[in-house]
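Novice: For reference, the structure I am asking about is given below.
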Amino acid sequence: MTNPPPLAAGTRLDFNGPLSAERAGRLTTVLAAAEPSTVLDLGCGWGHLLLRVLEAVPKAHGVGVDIRGRDLERGRADAAARGLSDRVTFVEGPAEEHLGNADLVLNVGAYHALGDVPEALRTLRTLVAPGGRLLFGAEFWERVPTEGELAGMWPGTSVDDCTDLAGLVDRATAAGFRPLRIETATGDEWAEFESGFTAEVEEWLVANPDHPEAEATRAKVDQHRSYWLRGYRGVMGFAFLILG
């Protein structure tokens, strides 16, 4: 018998968030138009978006930072397959310990590595070179969640954890940025992400229903699915902001 794969192994996903290949291509085109020579991705995960930008800007060099070594290994392998190993460096460690200036800074779904949203935006503002760009990805409330919906999300979730989309953009402008582009994830992007997030585990459970670890694994994945379907589905949005 094989042991259960980890939740969110992500082998069925290119991005660890509700981001489609189509949207990633569009964002990359916009970001590449500014012709950045240096790119810094804080909380890069597998680094797929960073590598897309480097492919689109042949003279650019990039650095990806993340605390998960396994994710960085995947990023390095992807970079090698794309012939980009000489133009990208993946660094394992906390984002706050590996800050640097760059023409383009990426921080998608990882603001918490730098504090709350306002704190992260203030820090990121100091990193973006004059005339540069920031791609900032963060959650927001599509609508104010009910008490029941909050109870269905992760333990301790509060209505104060997010603002609405207008409030998120206001926080960006308060930090000194101008919003050059505002996009939000679709329901289909969320469904693709959530299905891919649990795909390996669900398939393992189908193939190994009587494994000694099946019961605990089933409970873990069922709990995550419940957070989505009974909690934040249709309530929590995800924004992609290109800021100058």
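Chain labels follow the order of the structure tokens: the first chain is A, the next B, and so on; residue numbering restarts at 1 in every chain, and ligands are counted from 1 in their shown order.
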Looking only at strand (DSSP E) from DSSP on the backbone, list the matching residues of segment 54-167 of chain A as an MDAnalysis selection string.

Specialist: chainID A and resid 61:66 88:92 102:108 128:141

Novice: List the spatial neighbours of Leu124 of chain A as a ChimeraX atom specification - criterion: any atom at most 9 Å away, only C-alpha atoms, same-chain residues fewer than 2 positions off excluded.

Specialist: /A:99,105,107,114,119-122,126-128,134,175

Novice: Using the selection just defined, write its residues with C-alpha atoms as a PDB file, in the first residue's frame.

Specialist:
```
ATOM      1  CA  LEU A  99      13.654  41.622   0.709  1.00  0.00           C
ATOM      2  CA  VAL A 105       7.576  42.567  -7.530  1.00  0.00           C
ATOM      3  CA  ASN A 107       3.186  38.900  -4.163  1.00  0.00           C
ATOM      4  CA  LEU A 114       4.798  40.493   5.566  1.00  0.00           C
ATOM      5  CA  GLU A 119       1.563  46.316   6.421  1.00  0.00           C
ATOM      6  CA  ALA A 120       2.440  44.159   3.428  1.00  0.00           C
ATOM      7  CA  LEU A 121       1.557  46.879   0.935  1.00  0.00           C
ATOM      8  CA  ARG A 122       3.665  49.444   2.801  1.00  0.00           C
ATOM      9  CA  THR A 126       9.605  50.243  -0.578  1.00  0.00           C
ATOM     10  CA  LEU A 127      10.764  47.367  -2.803  1.00  0.00           C
ATOM     11  CA  VAL A 128       9.364  48.483  -6.154  1.00  0.00           C
ATOM     12  CA  LEU A 134       3.692  45.261  -8.264  1.00  0.00           C
ATOM     13  CA  ALA A 175       0.330  52.701   0.568  1.00  0.00           C
TER      14      ALA A 175
END
```

Novice: List the neighbours of Leu27 of chain A out to 9 Å using only C-alpha atoms; skip same-chain residues closer than 3 positions along the sequence, and give me the result as a list in words.

Specialist: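 In the requested format, the answer is Glu22, Arg23, Ala24, Val30, Leu31, Ala32, Leu135, Phe240 and Ile242 of chain A.
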
Novice: Restricted to C-alpha atoms, what would the selected residues look like written as a PDB file, in the first residue's frame?

Specialist:
```pdb
ATOM      1  CA  GLU A  22      -5.635  32.394 -19.578  1.00  0.00           C
ATOM      2  CA  ARG A  23      -5.536  35.039 -16.845  1.00  0.00           C
ATOM      3  CA  ALA A  24      -1.888  34.295 -16.100  1.00  0.00           C
ATOM      4  CA  VAL A  30       0.747  43.443 -19.186  1.00  0.00           C
ATOM      5  CA  LEU A  31       3.635  43.073 -16.753  1.00  0.00           C
ATOM      6  CA  ALA A  32       6.149  42.253 -19.474  1.00  0.00           C
ATOM      7  CA  LEU A 135       1.347  42.349  -8.916  1.00  0.00           C
ATOM      8  CA  PHE A 240      -5.218  40.462  -8.890  1.00  0.00           C
ATOM      9  CA  ILE A 242      -1.353  45.481 -11.027  1.00  0.00           C
TER      10      ILE A 242
END
```

Novice: I'd like to know which of A:Val65, A:Ala185, A:Ala102, A:Ala110 is closest to Arg125 of chain A, using only C-alpha atoms.

Specialist: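 Using only C-alpha atoms, Arg125 of chain A sits closest to A:Ala102.
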
Novice: Counting only C-alpha atoms, which of A:Ala239, A:Val206, A:Leu42, A:Ala199 gets nearest to Gly167 of chain A?

Specialist: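 Comparing A:Ala239, A:Val206, A:Leu42, A:Ala199 against Gly167 of chain A, the winner is A:Ala239.
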